[in-house]
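Trainee: One file: start.pdb (PDB, C-alpha atoms, pLDDT in the B column).
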```pdb
ATOM      1  CA  MET V   1       0.000   0.000   0.000  1.00 52.00           C
ATOM      2  CA  ASN V   2       1.464   3.350  -1.077  1.00 56.00           C
ATOM      3  CA  PHE V   3       1.118   6.227   1.373  1.00 50.00           C
ATOM      4  CA  ASN V   4       2.172   9.813   0.816  1.00 59.00           C
ATOM      5  CA  LEU V   5       1.977  10.435   4.545  1.00 72.00           C
ATOM      6  CA  ASN V   6       4.918   9.675   6.750  1.00 84.00           C
ATOM      7  CA  LEU V   7       3.210   6.833   8.609  1.00 87.00           C
ATOM      8  CA  THR V   8       4.887   4.307  10.864  1.00 90.00           C
ATOM      9  CA  PRO V   9       4.530   0.567  10.189  1.00 88.00           C
ATOM     10  CA  GLU V  10       2.105   0.367  13.121  1.00 91.00           C
ATOM     11  CA  GLU V  11      -0.063   3.137  11.679  1.00 92.00           C
ATOM     12  CA  ILE V  12      -0.058   1.575   8.221  1.00 90.00           C
ATOM     13  CA  LEU V  13      -1.199  -1.762   9.609  1.00 91.00           C
ATOM     14  CA  ALA V  14      -3.885  -0.086  11.746  1.00 93.00           C
ATOM     15  CA  TYR V  15      -5.112   1.737   8.633  1.00 93.00           C
ATOM     16  CA  GLU V  16      -5.313  -1.591   6.779  1.00 92.00           C
ATOM     17  CA  PHE V  17      -7.371  -3.021   9.636  1.00 93.00           C
ATOM     18  CA  ALA V  18      -9.723  -0.032   9.530  1.00 93.00           C
ATOM     19  CA  THR V  19     -10.294  -0.166   5.778  1.00 93.00           C
ATOM     20  CA  ARG V  20     -10.287  -3.900   5.092  1.00 92.00           C
ATOM     21  CA  TRP V  21     -11.908  -5.552   8.111  1.00 91.00           C
ATOM     22  CA  ARG V  22     -15.074  -6.325   6.145  1.00 90.00           C
ATOM     23  CA  ASP V  23     -13.079  -8.246   3.523  1.00 91.00           C
ATOM     24  CA  GLU V  24     -13.232 -11.893   4.564  1.00 89.00           C
ATOM     25  CA  ASN V  25     -10.259 -12.581   2.290  1.00 90.00           C
ATOM     26  CA  TYR V  26      -8.051 -10.011   4.011  1.00 89.00           C
ATOM     27  CA  ARG V  27      -5.124 -11.764   5.689  1.00 86.00           C
ATOM     28  CA  PRO V  28      -2.686  -9.264   7.224  1.00 85.00           C
ATOM     29  CA  ALA V  29       1.001 -10.126   7.286  1.00 73.00           C
ATOM     30  CA  LEU V  30       1.497 -10.742  10.983  1.00 72.00           C
ATOM     31  CA  HIS V  31       4.024 -13.590  11.158  1.00 58.00           C
ATOM     32  CA  PRO V  32       7.667 -12.386  11.188  1.00 54.00           C
ATOM     33  CA  ALA V  33       8.977 -15.733   9.942  1.00 51.00           C
ATOM     34  CA  LEU V  34       6.824 -15.517   6.827  1.00 46.00           C
ATOM     35  CA  HIS V  35       6.730 -11.741   6.429  1.00 51.00           C
ATOM     36  CA  PRO V  36      10.030 -10.140   7.511  1.00 47.00           C
ATOM     37  CA  ALA V  37       8.565  -6.604   7.262  1.00 52.00           C
ATOM     38  CA  SER V  38       6.380  -7.331  10.269  1.00 58.00           C
ATOM     39  CA  GLN V  39       9.552  -7.548  12.387  1.00 67.00           C
ATOM     40  CA  ASP V  40       9.694  -3.740  12.220  1.00 80.00           C
ATOM     41  CA  ILE V  41       6.361  -3.387  13.998  1.00 88.00           C
ATOM     42  CA  ASP V  42       6.261  -2.381  17.635  1.00 92.00           C
ATOM     43  CA  TRP V  43       3.343  -4.619  18.584  1.00 92.00           C
ATOM     44  CA  LEU V  44       2.599  -2.921  21.892  1.00 94.00           C
ATOM     45  CA  ARG V  45       2.393   0.454  20.136  1.00 95.00           C
ATOM     46  CA  PHE V  46       0.188  -1.146  17.471  1.00 94.00           C
ATOM     47  CA  ALA V  47      -2.102  -2.437  20.218  1.00 95.00           C
ATOM     48  CA  GLU V  48      -2.198   1.029  21.798  1.00 96.00           C
ATOM     49  CA  ILE V  49      -3.149   2.604  18.453  1.00 96.00           C
ATOM     50  CA  LEU V  50      -6.007   0.123  18.076  1.00 95.00           C
ATOM     51  CA  THR V  51      -7.306   0.643  21.591  1.00 93.00           C
ATOM     52  CA  HIS V  52      -6.933   4.433  21.416  1.00 94.00           C
ATOM     53  CA  ASN V  53      -9.059   4.447  18.256  1.00 92.00           C
ATOM     54  CA  ARG V  54     -11.537   1.944  19.756  1.00 91.00           C
ATOM     55  CA  MET V  55     -10.712  -0.685  17.120  1.00 93.00           C
ATOM     56  CA  SER V  56     -10.216  -3.647  19.437  1.00 94.00           C
ATOM     57  CA  VAL V  57     -13.462  -5.451  18.534  1.00 93.00           C
ATOM     58  CA  LEU V  58     -12.704  -4.932  14.859  1.00 92.00           C
ATOM     59  CA  ALA V  59      -9.165  -6.276  15.372  1.00 93.00           C
ATOM     60  CA  MET V  60     -10.356  -9.406  17.158  1.00 91.00           C
ATOM     61  CA  LYS V  61     -12.539 -10.153  14.153  1.00 89.00           C
ATOM     62  CA  ILE V  62      -9.439 -10.025  11.930  1.00 90.00           C
ATOM     63  CA  PHE V  63      -7.316 -12.074  14.323  1.00 88.00           C
ATOM     64  CA  LYS V  64      -9.764 -14.957  13.968  1.00 85.00           C
ATOM     65  CA  ARG V  65      -8.763 -15.253  10.288  1.00 83.00           C
ATOM     66  CA  VAL V  66      -5.010 -15.568  10.810  1.00 80.00           C
ATOM     67  CA  ASP V  67      -2.521 -17.546  12.834  1.00 67.00           C
ATOM     68  CA  SER V  68      -1.140 -14.457  14.504  1.00 69.00           C
ATOM     69  CA  SER V  69       2.167 -14.280  16.297  1.00 72.00           C
ATOM     70  CA  ILE V  70       1.446 -10.968  17.993  1.00 81.00           C
ATOM     71  CA  PRO V  71       3.165 -10.975  21.399  1.00 86.00           C
ATOM     72  CA  VAL V  72       1.065 -11.939  24.394  1.00 87.00           C
ATOM     73  CA  GLU V  73       1.082  -8.503  26.054  1.00 91.00           C
ATOM     74  CA  ALA V  74      -0.147  -6.725  22.917  1.00 91.00           C
ATOM     75  CA  ARG V  75      -2.829  -9.303  22.207  1.00 89.00           C
ATOM     76  CA  LYS V  76      -3.914  -9.204  25.860  1.00 93.00           C
ATOM     77  CA  LEU V  77      -4.354  -5.406  25.722  1.00 95.00           C
ATOM     78  CA  ILE V  78      -6.502  -5.658  22.596  1.00 94.00           C
ATOM     79  CA  ARG V  79      -8.547  -8.584  23.904  1.00 94.00           C
ATOM     80  CA  GLU V  80      -9.226  -6.940  27.273  1.00 96.00           C
ATOM     81  CA  GLN V  81     -10.528  -3.762  25.655  1.00 94.00           C
ATOM     82  CA  ALA V  82     -12.649  -5.775  23.220  1.00 95.00           C
ATOM     83  CA  GLU V  83     -14.191  -7.650  26.139  1.00 95.00           C
ATOM     84  CA  LYS V  84     -14.782  -4.332  27.943  1.00 94.00           C
ATOM     85  CA  HIS V  85     -16.642  -2.962  24.910  1.00 93.00           C
ATOM     86  CA  GLU V  86     -18.670  -6.166  24.621  1.00 94.00           C
ATOM     87  CA  ARG V  87     -19.726  -5.965  28.286  1.00 93.00           C
ATOM     88  CA  SER V  88     -20.646  -2.310  27.861  1.00 92.00           C
ATOM     89  CA  ALA V  89     -22.641  -3.010  24.697  1.00 92.00           C
ATOM     90  CA  SER V  90     -24.513  -5.796  26.468  1.00 93.00           C
ATOM     91  CA  LYS V  91     -25.330  -3.528  29.424  1.00 94.00           C
ATOM     92  CA  PHE V  92     -26.473  -0.647  27.209  1.00 94.00           C
ATOM     93  CA  GLY V  93     -28.361  -3.043  24.954  1.00 94.00           C
ATOM     94  CA  ASN V  94     -30.314  -4.575  27.818  1.00 95.00           C
ATOM     95  CA  ALA V  95     -31.287  -1.113  29.101  1.00 96.00           C
ATOM     96  CA  LEU V  96     -32.430  -0.017  25.641  1.00 96.00           C
ATOM     97  CA  ILE V  97     -34.389  -3.228  25.033  1.00 96.00           C
ATOM     98  CA  THR V  98     -36.218  -2.826  28.346  1.00 97.00           C
ATOM     99  CA  TYR V  99     -37.096   0.768  27.519  1.00 97.00           C
ATOM    100  CA  LEU V 100     -38.185   0.071  23.920  1.00 97.00           C
ATOM    101  CA  LYS V 101     -40.531  -2.735  24.883  1.00 98.00           C
ATOM    102  CA  SER V 102     -42.181  -0.651  27.614  1.00 98.00           C
ATOM    103  CA  ALA V 103     -42.349   2.433  25.379  1.00 98.00           C
ATOM    104  CA  ASP V 104     -44.036   0.453  22.628  1.00 97.00           C
ATOM    105  CA  ALA V 105     -46.587  -0.910  25.084  1.00 97.00           C
ATOM    106  CA  ARG V 106     -47.445   2.671  26.105  1.00 97.00           C
ATOM    107  CA  GLY V 107     -47.579   4.023  22.572  1.00 97.00           C
ATOM    108  CA  ILE V 108     -44.409   6.130  22.917  1.00 97.00           C
ATOM    109  CA  LYS V 109     -42.892   6.131  19.446  1.00 96.00           C
ATOM    110  CA  THR V 110     -39.119   6.028  19.662  1.00 97.00           C
ATOM    111  CA  ILE V 111     -36.328   6.394  17.140  1.00 96.00           C
ATOM    112  CA  ALA V 112     -32.898   5.156  18.258  1.00 94.00           C
ATOM    113  CA  LEU V 113     -30.147   7.482  17.049  1.00 89.00           C
ATOM    114  CA  LYS V 114     -26.526   6.494  16.353  1.00 87.00           C
ATOM    115  CA  GLY V 115     -24.933   4.214  18.960  1.00 86.00           C
ATOM    116  CA  LEU V 116     -26.459   0.766  19.193  1.00 89.00           C
ATOM    117  CA  TRP V 117     -28.628   1.342  16.123  1.00 90.00           C
ATOM    118  CA  MET V 118     -25.567   2.014  13.990  1.00 87.00           C
ATOM    119  CA  CYS V 119     -23.651  -0.906  15.500  1.00 87.00           C
ATOM    120  CA  GLU V 120     -26.495  -3.340  14.845  1.00 88.00           C
ATOM    121  CA  LYS V 121     -27.612  -2.102  11.426  1.00 87.00           C
ATOM    122  CA  ILE V 122     -24.296  -0.998   9.897  1.00 86.00           C
ATOM    123  CA  TYR V 123     -21.644  -3.086  11.638  1.00 86.00           C
ATOM    124  CA  GLN V 124     -23.788  -6.074  12.681  1.00 87.00           C
ATOM    125  CA  ASN V 125     -22.054  -6.046  16.047  1.00 88.00           C
ATOM    126  CA  PRO V 126     -23.372  -4.043  19.045  1.00 87.00           C
ATOM    127  CA  ALA V 127     -19.851  -3.702  20.471  1.00 89.00           C
ATOM    128  CA  MET V 128     -18.161  -2.401  17.311  1.00 87.00           C
ATOM    129  CA  ARG V 129     -18.709   1.309  18.003  1.00 81.00           C
ATOM    130  CA  PRO V 130     -18.498   1.972  21.761  1.00 73.00           C
ATOM    131  CA  GLY V 131     -20.812   4.683  23.018  1.00 79.00           C
ATOM    132  CA  ALA V 132     -21.174   6.745  26.173  1.00 83.00           C
ATOM    133  CA  ASP V 133     -24.963   7.099  26.197  1.00 92.00           C
ATOM    134  CA  ILE V 134     -28.209   6.105  24.483  1.00 95.00           C
ATOM    135  CA  ASP V 135     -29.750   8.749  22.227  1.00 94.00           C
ATOM    136  CA  ILE V 136     -33.461   8.430  21.522  1.00 96.00           C
ATOM    137  CA  LEU V 137     -35.904  10.659  19.640  1.00 96.00           C
ATOM    138  CA  VAL V 138     -39.525  11.022  20.742  1.00 96.00           C
ATOM    139  CA  HIS V 139     -42.377  13.359  19.943  1.00 94.00           C
ATOM    140  CA  ARG V 140     -42.292  16.492  22.076  1.00 91.00           C
ATOM    141  CA  ASP V 141     -45.691  15.745  23.594  1.00 94.00           C
ATOM    142  CA  GLN V 142     -44.418  12.333  24.714  1.00 96.00           C
ATOM    143  CA  VAL V 143     -41.291  13.541  26.524  1.00 96.00           C
ATOM    144  CA  ASP V 144     -42.965  13.561  29.951  1.00 96.00           C
ATOM    145  CA  GLY V 145     -44.290  10.041  29.429  1.00 97.00           C
ATOM    146  CA  CYS V 146     -40.840   8.917  28.326  1.00 98.00           C
ATOM    147  CA  LEU V 147     -39.199  10.424  31.409  1.00 97.00           C
ATOM    148  CA  GLN V 148     -41.781   8.788  33.658  1.00 98.00           C
ATOM    149  CA  LEU V 149     -41.200   5.424  32.033  1.00 98.00           C
ATOM    150  CA  LEU V 150     -37.437   5.722  32.532  1.00 98.00           C
ATOM    151  CA  LYS V 151     -37.969   6.735  36.150  1.00 98.00           C
ATOM    152  CA  GLU V 152     -39.971   3.567  36.729  1.00 97.00           C
ATOM    153  CA  GLN V 153     -36.984   1.655  35.350  1.00 97.00           C
ATOM    154  CA  ASP V 154     -34.681   3.388  37.871  1.00 97.00           C
ATOM    155  CA  ILE V 155     -33.198   5.712  35.248  1.00 98.00           C
ATOM    156  CA  ASP V 156     -33.587   9.211  36.637  1.00 97.00           C
ATOM    157  CA  GLU V 157     -31.837  12.404  37.866  1.00 97.00           C
ATOM    158  CA  PHE V 158     -29.197  10.669  39.977  1.00 97.00           C
ATOM    159  CA  TRP V 159     -26.149  12.754  39.097  1.00 96.00           C
ATOM    160  CA  PRO V 160     -25.904  15.511  41.755  1.00 95.00           C
ATOM    161  CA  ASN V 161     -24.377  17.962  39.253  1.00 95.00           C
ATOM    162  CA  LEU V 162     -27.076  17.468  36.628  1.00 94.00           C
ATOM    163  CA  LEU V 163     -28.606  20.797  35.633  1.00 90.00           C
ATOM    164  CA  LYS V 164     -32.346  21.347  35.869  1.00 91.00           C
ATOM    165  CA  ASP V 165     -34.613  20.206  33.044  1.00 92.00           C
ATOM    166  CA  GLU V 166     -35.459  23.835  32.250  1.00 91.00           C
ATOM    167  CA  TYR V 167     -31.839  24.481  31.276  1.00 88.00           C
ATOM    168  CA  PHE V 168     -31.744  21.553  28.858  1.00 86.00           C
ATOM    169  CA  THR V 169     -35.139  22.509  27.446  1.00 85.00           C
ATOM    170  CA  ARG V 170     -33.888  25.992  26.623  1.00 82.00           C
ATOM    171  CA  HIS V 171     -30.336  25.250  25.483  1.00 81.00           C
ATOM    172  CA  HIS V 172     -29.985  21.628  24.383  1.00 80.00           C
ATOM    173  CA  LEU V 173     -33.394  20.320  23.268  1.00 86.00           C
ATOM    174  CA  HIS V 174     -32.930  17.087  25.159  1.00 91.00           C
ATOM    175  CA  GLN V 175     -33.108  15.747  28.699  1.00 95.00           C
ATOM    176  CA  GLN V 176     -30.598  13.512  30.442  1.00 95.00           C
ATOM    177  CA  ARG V 177     -31.233  10.612  32.774  1.00 97.00           C
ATOM    178  CA  SER V 178     -28.967   7.910  34.211  1.00 97.00           C
ATOM    179  CA  THR V 179     -28.859   4.797  36.307  1.00 97.00           C
ATOM    180  CA  PRO V 180     -27.951   5.297  40.007  1.00 97.00           C
ATOM    181  CA  ASP V 181     -24.336   4.206  39.326  1.00 96.00           C
ATOM    182  CA  LEU V 182     -24.118   6.727  36.438  1.00 96.00           C
ATOM    183  CA  ASN V 183     -22.930   3.980  34.086  1.00 93.00           C
ATOM    184  CA  ILE V 184     -25.874   4.174  31.681  1.00 95.00           C
ATOM    185  CA  TRP V 185     -27.149   7.488  30.357  1.00 96.00           C
ATOM    186  CA  PHE V 186     -30.172   8.212  28.207  1.00 97.00           C
ATOM    187  CA  GLU V 187     -30.511  11.412  26.184  1.00 95.00           C
ATOM    188  CA  ILE V 188     -34.140  12.062  25.279  1.00 96.00           C
ATOM    189  CA  HIS V 189     -34.402  14.347  22.238  1.00 94.00           C
ATOM    190  CA  TRP V 190     -37.530  16.047  20.889  1.00 92.00           C
ATOM    191  CA  ALA V 191     -35.807  18.132  18.179  1.00 88.00           C
ATOM    192  CA  LEU V 192     -32.635  18.104  16.100  1.00 83.00           C
ATOM    193  CA  ASP V 193     -32.192  21.846  15.679  1.00 77.00           C
ATOM    194  CA  HIS V 194     -32.581  24.894  17.860  1.00 73.00           C
ATOM    195  CA  PRO V 195     -35.003  27.795  17.366  1.00 66.00           C
ATOM    196  CA  TYR V 196     -32.089  30.235  17.826  1.00 73.00           C
ATOM    197  CA  THR V 197     -30.312  28.913  14.711  1.00 74.00           C
ATOM    198  CA  LEU V 198     -31.047  29.182  10.997  1.00 73.00           C
ATOM    199  CA  LEU V 199     -30.912  25.401  10.605  1.00 74.00           C
ATOM    200  CA  THR V 200     -34.357  23.848  10.380  1.00 77.00           C
ATOM    201  CA  VAL V 201     -34.873  20.088  10.591  1.00 83.00           C
ATOM    202  CA  ASP V 202     -38.320  18.720   9.813  1.00 86.00           C
ATOM    203  CA  TYR V 203     -38.450  16.648  12.973  1.00 88.00           C
ATOM    204  CA  GLU V 204     -42.100  15.693  12.676  1.00 88.00           C
ATOM    205  CA  GLY V 205     -41.453  14.750   9.059  1.00 91.00           C
ATOM    206  CA  ILE V 206     -38.753  12.355  10.215  1.00 92.00           C
ATOM    207  CA  PHE V 207     -41.325  10.553  12.356  1.00 93.00           C
ATOM    208  CA  ALA V 208     -43.937  10.651   9.580  1.00 93.00           C
ATOM    209  CA  ARG V 209     -41.532   8.871   7.206  1.00 94.00           C
ATOM    210  CA  ALA V 210     -40.252   6.419   9.838  1.00 94.00           C
ATOM    211  CA  GLN V 211     -41.209   2.760   9.552  1.00 94.00           C
ATOM    212  CA  ARG V 212     -41.894   0.295  12.331  1.00 95.00           C
ATOM    213  CA  SER V 213     -38.890  -1.983  12.732  1.00 94.00           C
ATOM    214  CA  THR V 214     -36.833  -3.741  15.399  1.00 94.00           C
ATOM    215  CA  LEU V 215     -33.511  -3.171  17.131  1.00 92.00           C
ATOM    216  CA  LEU V 216     -32.010  -5.986  19.187  1.00 91.00           C
ATOM    217  CA  ASN V 217     -35.385  -7.711  18.697  1.00 93.00           C
ATOM    218  CA  ALA V 218     -37.203  -4.814  20.364  1.00 96.00           C
ATOM    219  CA  PRO V 219     -39.704  -2.540  18.556  1.00 96.00           C
ATOM    220  CA  ILE V 220     -38.557   0.842  17.256  1.00 96.00           C
ATOM    221  CA  GLN V 221     -39.396   3.462  14.657  1.00 96.00           C
ATOM    222  CA  GLU V 222     -36.653   3.458  12.020  1.00 93.00           C
ATOM    223  CA  MET V 223     -35.773   6.567  10.039  1.00 90.00           C
ATOM    224  CA  ALA V 224     -36.194   6.381   6.262  1.00 88.00           C
ATOM    225  CA  VAL V 225     -32.905   6.134   4.355  1.00 78.00           C
ATOM    226  CA  PRO V 226     -33.229   9.455   2.443  1.00 67.00           C
TER     227      PRO V 226
END
```
Could you render the structure as structure tokens?

Mentor:
Amino acid sequence: MNFNLNLTPEEILAYEFATRWRDENYRPALHPALHPASQDIDWLRFAEILTHNRMSVLAMKIFKRVDSSIPVEARKLIREQAEKHERSASKFGNALITYLKSADARGIKTIALKGLWMCEKIYQNPAMRPGADIDILVHRDQVDGCLQLLKEQDIDEFWPNLLKDEYFTRHHLHQQRSTPDLNIWFEIHWALDHPYTLLTVDYEGIFARAQRSTLLNAPIQEMAVP
């Protein structure tokens, strides 16, 4: 691969991982005995590049295709972060599934934005793109019902430094709620633009074009592709 940038061997290999992980025929040159160029790679730095860019789950998928001779410490670092992301995705996924099923039963139409939706629909792996919270879109007149539902599921205003709802209503167009341990956060959106800006997003139109679908086997409204 020809690069004009002055990249290190570790960066070049990480770039290959990022661009070719979907290719089932991709077999990176990882064995020094068979591919002498790989002897120039600092494997611990390579592992740090992958983990810094949250590519550990992606890397583990590639490692399954090859008989890798990556040193134990580097492989351990990558594997541990991948397992961390998988545990986090499972925890977030369970919280979202519980909410979506209850919301559907109460007639609260919900669109899942980014995060787990993207991981499931685009990457086919909930742990591929680690997230820090769960973004959902609801109709403005259903925000209170959504917040009440989350409260019943022990997802509420537990962070002592959380600003009042009035502040978020005026400045952010979403509300925030978390679990008591602050490990899972929900952001409840009712708009995607702000009345103080010139940008106008047809939020109600997004819901009008949305189709009933599923995410992690739970019911959602899914935005139309256009």

Trainee: How many Å lie between CA of Pro160 in chain V and CA of Gly131 in chain V, rounded to one decimal?

Mentor: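 Taking CA of Pro160 in chain V and CA of Gly131 in chain V, their separation equals 22.2 Å.
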
Trainee: Calculate how many Å separate CA of Lys114 in chain V from CA of Ala210 in chain V, rounding to one decimal.

Mentor: 15.2 Å

Trainee: Run through the PyMOL selection byres ((chain V and resi 216) around 9) on the given coordinates and return the selected residues as a list in words.

Mentor: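 Applied to this file, the PyMOL selection byres ((chain V and resi 216) around 9) returns Gly93, Asn94, Leu96, Ile97, Leu116, Trp117, Glu120, Pro126, Thr214, Leu215, Asn217, Ala218 and Pro219 of chain V.
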
Trainee: Determine the residue set returned by the PyMOL selection byres ((chain V and resi 148-154) around 9) for the present structure, and present it as an MDAnalysis selection string.

Mentor: chainID V and resid 95 98:99 102:103 143:147 155:157 177:180 186

Trainee: Take the residues from that selection and write them out as an mmCIF file, keeping the file's coordinate frame, keeping C-alpha atoms.

Mentor:
```
data_model
loop_
_atom_site.group_PDB
_atom_site.id
_atom_site.type_symbol
_atom_site.label_atom_id
_atom_site.label_comp_id
_atom_site.auth_asym_id
_atom_site.auth_seq_id
_atom_site.Cartn_x
_atom_site.Cartn_y
_atom_site.Cartn_z
ATOM 1 C CA ALA V 95 -31.287 -1.113 29.101
ATOM 2 C CA THR V 98 -36.218 -2.826 28.346
ATOM 3 C CA TYR V 99 -37.096 0.768 27.519
ATOM 4 C CA SER V 102 -42.181 -0.651 27.614
ATOM 5 C CA ALA V 103 -42.349 2.433 25.379
ATOM 6 C CA VAL V 143 -41.291 13.541 26.524
ATOM 7 C CA ASP V 144 -42.965 13.561 29.951
ATOM 8 C CA GLY V 145 -44.290 10.041 29.429
ATOM 9 C CA CYS V 146 -40.840 8.917 28.326
ATOM 10 C CA LEU V 147 -39.199 10.424 31.409
ATOM 11 C CA ILE V 155 -33.198 5.712 35.248
ATOM 12 C CA ASP V 156 -33.587 9.211 36.637
ATOM 13 C CA GLU V 157 -31.837 12.404 37.866
ATOM 14 C CA ARG V 177 -31.233 10.612 32.774
ATOM 15 C CA SER V 178 -28.967 7.910 34.211
ATOM 16 C CA THR V 179 -28.859 4.797 36.307
ATOM 17 C CA PRO V 180 -27.951 5.297 40.007
ATOM 18 C CA PHE V 186 -30.172 8.212 28.207
#
```

Trainee: Report as a list in words the full result of the PyMOL selection byres ((chain V and resi 76-80) around 8) when it is applied to this structure.

Mentor: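 For this structure, the PyMOL selection byres ((chain V and resi 76-80) around 8) resolves to Ala47, Glu48, Leu50, Thr51, Ser56, Val57, Ala59, Met60, Val72, Glu73, Ala74, Arg75, Gln81, Ala82, Glu83 and Lys84 of chain V.
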
Trainee: As an exercise, work out the distance from CA of Thr169 in chain V to CA of Leu113 in chain V in Å and give it to one decimal place.

Mentor: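 Value for the CA of Thr169 in chain V-CA of Leu113 in chain V distance: 18.9 Å.
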
Trainee: Name the residues in contact with Phe207 in chain V at a cut-off of 12 Å, using only C-alpha atoms, excluding same-chain residues fewer than 2 positions from it; report them as a list of chain:residue names.

Mentor: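 Close residues of Phe207 in chain V: V:Ile108, V:Lys109, V:Thr110, V:Ile111, V:Ala112, V:Leu137, V:Val138, V:His139, V:Arg140, V:Trp190, V:Ala191, V:Val201, V:Asp202, V:Tyr203, V:Glu204, V:Gly205, V:Arg209, V:Ala210, V:Gln211, V:Arg212, V:Ile220, V:Gln221, V:Glu222, V:Met223, V:Ala224.
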
Trainee: Based on the selection just made, write C-alpha atoms of those residues as a PDB file, in the frame of the given file.

Mentor:
```
ATOM      1  CA  ILE V 108     -44.409   6.130  22.917  1.00 97.00           C
ATOM      2  CA  LYS V 109     -42.892   6.131  19.446  1.00 96.00           C
ATOM      3  CA  THR V 110     -39.119   6.028  19.662  1.00 97.00           C
ATOM      4  CA  ILE V 111     -36.328   6.394  17.140  1.00 96.00           C
ATOM      5  CA  ALA V 112     -32.898   5.156  18.258  1.00 94.00           C
ATOM      6  CA  LEU V 137     -35.904  10.659  19.640  1.00 96.00           C
ATOM      7  CA  VAL V 138     -39.525  11.022  20.742  1.00 96.00           C
ATOM      8  CA  HIS V 139     -42.377  13.359  19.943  1.00 94.00           C
ATOM      9  CA  ARG V 140     -42.292  16.492  22.076  1.00 91.00           C
ATOM     10  CA  TRP V 190     -37.530  16.047  20.889  1.00 92.00           C
ATOM     11  CA  ALA V 191     -35.807  18.132  18.179  1.00 88.00           C
ATOM     12  CA  VAL V 201     -34.873  20.088  10.591  1.00 83.00           C
ATOM     13  CA  ASP V 202     -38.320  18.720   9.813  1.00 86.00           C
ATOM     14  CA  TYR V 203     -38.450  16.648  12.973  1.00 88.00           C
ATOM     15  CA  GLU V 204     -42.100  15.693  12.676  1.00 88.00           C
ATOM     16  CA  GLY V 205     -41.453  14.750   9.059  1.00 91.00           C
ATOM     17  CA  ARG V 209     -41.532   8.871   7.206  1.00 94.00           C
ATOM     18  CA  ALA V 210     -40.252   6.419   9.838  1.00 94.00           C
ATOM     19  CA  GLN V 211     -41.209   2.760   9.552  1.00 94.00           C
ATOM     20  CA  ARG V 212     -41.894   0.295  12.331  1.00 95.00           C
ATOM     21  CA  ILE V 220     -38.557   0.842  17.256  1.00 96.00           C
ATOM     22  CA  GLN V 221     -39.396   3.462  14.657  1.00 96.00           C
ATOM     23  CA  GLU V 222     -36.653   3.458  12.020  1.00 93.00           C
ATOM     24  CA  MET V 223     -35.773   6.567  10.039  1.00 90.00           C
ATOM     25  CA  ALA V 224     -36.194   6.381   6.262  1.00 88.00           C
TER      26      ALA V 224
END
```

Trainee: Output as a Markdown table one row per residue of range 47-140 of chain V within 8 Å of range 18-31 of chain V: the closest atom pair and its distance in Å to one decimal place, counting all atoms listed in the file, sorted by chain and residue number ascending.

Mentor:
```
| residue | atom | partner | partner_atom | distance |
| --- | --- | --- | --- | --- |
| V:Met55 | CA | V:Ala18 | CA | 7.7 |
| V:Leu58 | CA | V:Trp21 | CA | 6.8 |
| V:Ala59 | CA | V:Trp21 | CA | 7.8 |
| V:Lys61 | CA | V:Trp21 | CA | 7.6 |
| V:Ile62 | CA | V:Trp21 | CA | 6.4 |
| V:Arg65 | CA | V:Arg27 | CA | 6.8 |
| V:Val66 | CA | V:Arg27 | CA | 6.4 |
| V:Asp67 | CA | V:His31 | CA | 7.8 |
| V:Ser68 | CA | V:Leu30 | CA | 5.8 |
| V:Ser69 | CA | V:His31 | CA | 5.5 |
| V:Ile70 | CA | V:Leu30 | CA | 7.0 |
```

Trainee: Find the spatial neighbours of Ala132 in chain V, counting only C-alpha atoms, within a cut-off of 12 Å - ignore same-chain residues fewer than 6 positions away - and output them as a list in words.

Mentor: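 So, after excluding close chain neighbours, the residues are His85, Ser88, Ala89, Lys91, Phe92, Lys114, Gly115, Leu116, Ser178, Leu182, Asn183, Ile184, Trp185, Phe186 and Glu187 of chain V.
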
Trainee: So which one's closest to Asp141 in chain V, V:Gln124, V:Ser90, V:Phe168, V:Gly107? Using all atoms listed in the file, please.

Mentor: V:Gly107

Trainee: Using only C-alpha atoms, which of V:Thr200, V:Met118, V:Lys164, V:Pro71 sits nearest Asp42 in chain V?

Mentor: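 That would be V:Pro71, the residue with the smallest distance to Asp42 in chain V.
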